[in-house]
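Asker: Take a look at the following structure, please.
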Amino acid sequence: MDKEFACPAFIVCFAACLLHWSHVQKGIHNNNFNYIDLEKIELYAISCKKIFPESKEIDMVLCIYSFLAEYQFEEIHVIPIVSVSNVTILLVDSKQTQNLKTQEQQRTELMNMFPDIANSILNNIDTVTNMACNTLQKFDKICENDELSTETRNNFLIQQHKELDTYICKNRKLLQLLDISHYNLDKIYEIAQRHGFSAKYTNIGNNKLYAYIWCPLLYTNASANIAFLSNELKLYGFKFITTNLSSIGVKVE
């Protein structure tokens with residue numbers, strides 16, 4: 001099978017479709033999966049690692065159960081996403097591929113030639129990532145505070161989104177210092193910022209370079225700006241998928 005289909009998202013969707021087909025054969029017509037179903041999908045998906053060892057188990061688990069997680073040193077800390085669900089995400093194909101071995105070689109050369117600079121960049125990436133995770137965790141606390149009025153709560157949430165935007169941009173610039181970027185990615189970042197949103201490189205496991213654009217719907221004129229953003233991406237020939245954060249796990253639509 002083509003390695004392009006080895007990405008965790010495809011494997012999870014394929015496993016979910018097979019389980020849904022099995023349900024239909026038994027006369028069960030329900031597009032939502034219960035927790036037992038999700039565990040079966042996880043078992044099926046992870047078993048595919050024998051065929052596609054490059055697929056990361058953590059990525060599959062995130063796709064199946066639809067949660068955010070802080071993943072560091074093989075430890076997973078789940079971040080509730082119900083409170084940050086009012087966000088539209090654009091996953092944009094940069095039309096470029098990446099060579100992970102080449103990137104690793106470049107980072108190794110940087111570490112050997114300028115160890116102090118390289119370590120400083122990596123330490124800053126770690127710091128910014130932790131601060132972004134802390135910001136995400138604040139969303140839930142704000143939404144659980146019943147003493148806040150709707151207007152006050154929304155203002156606090158917007159403030160947290162702005163803070164998160166800052167960390168996304170800082171993380172992106174630090175990755176650029178490690179030469180993890182491309183002209184097309186930079187163009188996507190530029191387009192996103194022009195419409196008031198932040199964007200960053202992401203890897204979905206099929207050696208293609210993607211960017212995600214974080215679009216909070218609480219921002220002023222968010223829907224109109226997302227429409228303008230989408231049109232400009234199409235104008236430059238960038239294909240994208242529009243999605244959001246869901247708290248119910250993988251489902252059939």
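Numbering starts fresh at 1 for the residues of each chain in the structure tokens, the chains themselves are lettered A, B, ... in the order given, and ligands are numbered from 1 as they appear.
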Give me the residues near segment 31-44 of chain A as an MDAnalysis selection string, where near means some atom within 6 Å (using only C-alpha atoms) and where sequence neighbours in that chain fewer than 3 positions away do not count.

Answerer: chainID A and resid 15:16 47 251:252

Asker: Selection from above, N, CA and C atoms, as a compact mmCIF listing (two decimals), in the first residue's frame, can you write it?

Answerer:
```txt
# COMPACT_ATOMS: atom_id res chain seq x y z
N ALA A 15 -10.28 1.99 9.93
CA ALA A 15 -10.73 1.07 10.97
C ALA A 15 -12.16 1.38 11.41
N ALA A 16 -12.47 2.69 11.53
CA ALA A 16 -13.82 3.10 11.94
C ALA A 16 -14.86 2.71 10.88
N SER A 47 -3.01 -2.24 15.55
CA SER A 47 -2.50 -3.48 14.93
C SER A 47 -1.89 -3.20 13.57
N LYS A 251 -16.29 9.65 14.33
CA LYS A 251 -17.67 9.29 14.00
C LYS A 251 -17.83 9.21 12.49
N VAL A 252 -18.94 8.64 12.05
CA VAL A 252 -19.24 8.51 10.63
C VAL A 252 -20.25 9.59 10.26
```

Asker: Counting only C-alpha atoms, what are the residues of segment 116-181 of chain A within 10 Å of segment 195-215 of chain A, and for each of them which pair of atoms is the nearest and at what distance in Å, to one decimal? Sort the table by chain and rising number, as JSON lines.

Answerer:
```
{"residue": "A:His161", "atom": "CA", "partner": "A:Cys215", "partner_atom": "CA", "distance": 9.2}
{"residue": "A:Lys162", "atom": "CA", "partner": "A:Ser198", "partner_atom": "CA", "distance": 9.3}
{"residue": "A:Leu164", "atom": "CA", "partner": "A:Ser198", "partner_atom": "CA", "distance": 8.9}
{"residue": "A:Asp165", "atom": "CA", "partner": "A:Ser198", "partner_atom": "CA", "distance": 5.5}
{"residue": "A:Thr166", "atom": "CA", "partner": "A:Ser198", "partner_atom": "CA", "distance": 8.1}
{"residue": "A:Tyr167", "atom": "CA", "partner": "A:Ser198", "partner_atom": "CA", "distance": 9.4}
{"residue": "A:Ile168", "atom": "CA", "partner": "A:Lys200", "partner_atom": "CA", "distance": 6.5}
{"residue": "A:Cys169", "atom": "CA", "partner": "A:Ser198", "partner_atom": "CA", "distance": 6.6}
{"residue": "A:Lys170", "atom": "CA", "partner": "A:Lys200", "partner_atom": "CA", "distance": 9.6}
{"residue": "A:Asn171", "atom": "CA", "partner": "A:Lys200", "partner_atom": "CA", "distance": 7.8}
{"residue": "A:Arg172", "atom": "CA", "partner": "A:Lys200", "partner_atom": "CA", "distance": 5.5}
{"residue": "A:Lys173", "atom": "CA", "partner": "A:Lys200", "partner_atom": "CA", "distance": 9.1}
{"residue": "A:Leu175", "atom": "CA", "partner": "A:Tyr201", "partner_atom": "CA", "distance": 8.5}
{"residue": "A:Gln176", "atom": "CA", "partner": "A:Tyr201", "partner_atom": "CA", "distance": 9.6}
{"residue": "A:Ile180", "atom": "CA", "partner": "A:Tyr201", "partner_atom": "CA", "distance": 8.3}
{"residue": "A:Ser181", "atom": "CA", "partner": "A:Tyr201", "partner_atom": "CA", "distance": 7.5}
```

Asker: Output C-alpha atoms for every residue in that selection, as a PDB file, in the first residue's frame.

Answerer:
```pdb
ATOM      1  CA  HIS A 161      -6.938  32.869  22.362  1.00  0.00           C
ATOM      2  CA  LYS A 162      -4.776  35.944  21.744  1.00  0.00           C
ATOM      3  CA  LEU A 164      -2.295  31.210  22.371  1.00  0.00           C
ATOM      4  CA  ASP A 165      -1.840  33.000  19.030  1.00  0.00           C
ATOM      5  CA  THR A 166       1.356  34.529  20.404  1.00  0.00           C
ATOM      6  CA  TYR A 167       2.765  31.139  21.412  1.00  0.00           C
ATOM      7  CA  ILE A 168       1.837  29.563  18.069  1.00  0.00           C
ATOM      8  CA  CYS A 169       3.710  32.335  16.249  1.00  0.00           C
ATOM      9  CA  LYS A 170       6.742  32.075  18.549  1.00  0.00           C
ATOM     10  CA  ASN A 171       6.864  28.303  18.102  1.00  0.00           C
ATOM     11  CA  ARG A 172       6.677  28.711  14.323  1.00  0.00           C
ATOM     12  CA  LYS A 173       9.554  31.212  14.270  1.00  0.00           C
ATOM     13  CA  LEU A 175      11.052  26.015  14.054  1.00  0.00           C
ATOM     14  CA  GLN A 176      12.084  28.256  11.159  1.00  0.00           C
ATOM     15  CA  ILE A 180      11.814  23.404   9.391  1.00  0.00           C
ATOM     16  CA  SER A 181       9.947  25.547   6.927  1.00  0.00           C
TER      17      SER A 181
END
```

Asker: I want to know what sits within 10 Å of Ala45 of chain A, based on only C-alpha atoms, with residues of the same chain fewer than 4 positions away left out; could you give that as a PDB file with C-alpha atoms, in the first residue's frame?

Answerer:
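Output saved as out.pdb:
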```
ATOM      1  CA  PRO A   8      -2.620   7.869  11.507  1.00  0.00           C
ATOM      2  CA  ALA A   9      -5.790   9.740  10.480  1.00  0.00           C
ATOM      3  CA  PHE A  10      -6.344   7.497   7.445  1.00  0.00           C
ATOM      4  CA  ILE A  11      -5.699   4.326   9.446  1.00  0.00           C
ATOM      5  CA  VAL A  12      -8.198   5.408  12.126  1.00  0.00           C
ATOM      6  CA  CYS A  13     -10.840   6.340   9.538  1.00  0.00           C
ATOM      7  CA  PHE A  14     -10.353   3.038   7.725  1.00  0.00           C
ATOM      8  CA  ALA A  15     -10.732   1.070  10.974  1.00  0.00           C
ATOM      9  CA  ALA A  16     -13.817   3.099  11.936  1.00  0.00           C
ATOM     10  CA  GLU A  39     -11.621   0.769  22.051  1.00  0.00           C
ATOM     11  CA  LYS A  40     -12.160  -1.692  19.177  1.00  0.00           C
ATOM     12  CA  ILE A  41     -11.125   0.960  16.651  1.00  0.00           C
ATOM     13  CA  LYS A  49       1.657  -0.677  13.138  1.00  0.00           C
ATOM     14  CA  SER A  55       2.684   5.474  12.289  1.00  0.00           C
ATOM     15  CA  GLU A  57       0.385   5.236  18.374  1.00  0.00           C
ATOM     16  CA  MET A  60      -3.902   7.368  16.405  1.00  0.00           C
ATOM     17  CA  VAL A  61      -5.196   7.595  19.970  1.00  0.00           C
ATOM     18  CA  ILE A  64      -9.868   8.154  17.903  1.00  0.00           C
TER      19      ILE A  64
END
```

Asker: Choose the residue, out of A:His182, A:Val128, A:Ile142, A:Ala222, that has the smallest atom-to-atom separation from Gln98 of chain A; count only C-alpha atoms.

Answerer: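 Ranking A:His182, A:Val128, A:Ile142, A:Ala222 by distance to Gln98 of chain A, first place goes to A:His182.
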
Asker: Just asking: which residues within segment 19-232 of chain A are alpha helix (DSSP H) according to DSSP, as a ChimeraX atom specification?

Answerer: /A:19-25,35-47,57-65,100-113,115-144,150-177,183-194,222-232

Asker: Can you pull out every residue from segment 10-244 of chain A that DSSP, working from the backbone, puts in strand (DSSP E or B), and format the result as an MDAnalysis selection string?

Answerer: chainID A and resid 32 68:72 75:79 87:97 198:202 208:216 240:244

Asker: Atom CA of Cys17 of chain A and atom CA of Gln96 of chain A are how many Å apart?

Answerer: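 Answer for the atom CA of Cys17 of chain A to atom CA of Gln96 of chain A separation: 28.9 Å.
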
Asker: Given the choices A:Asp179, A:Asp116, A:Asp93, A:Glu253, which gets closest to Tyr236 of chain A if the distance is worked out from only C-alpha atoms?

Answerer: A:Asp93

Asker: One decimal, in Å: what's the spacing between atom CA of Ile191 of chain A and atom CA of Pro216 of chain A?

Answerer: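 Separation between atom CA of Ile191 of chain A and atom CA of Pro216 of chain A: 16.0 Å.
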
Asker: Grab the atom CA of Leu245 of chain A to atom CA of Ile89 of chain A distance for me, in Å with one decimal place.

Answerer: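 Computed distance, atom CA of Leu245 of chain A to atom CA of Ile89 of chain A, equals 7.9 Å.
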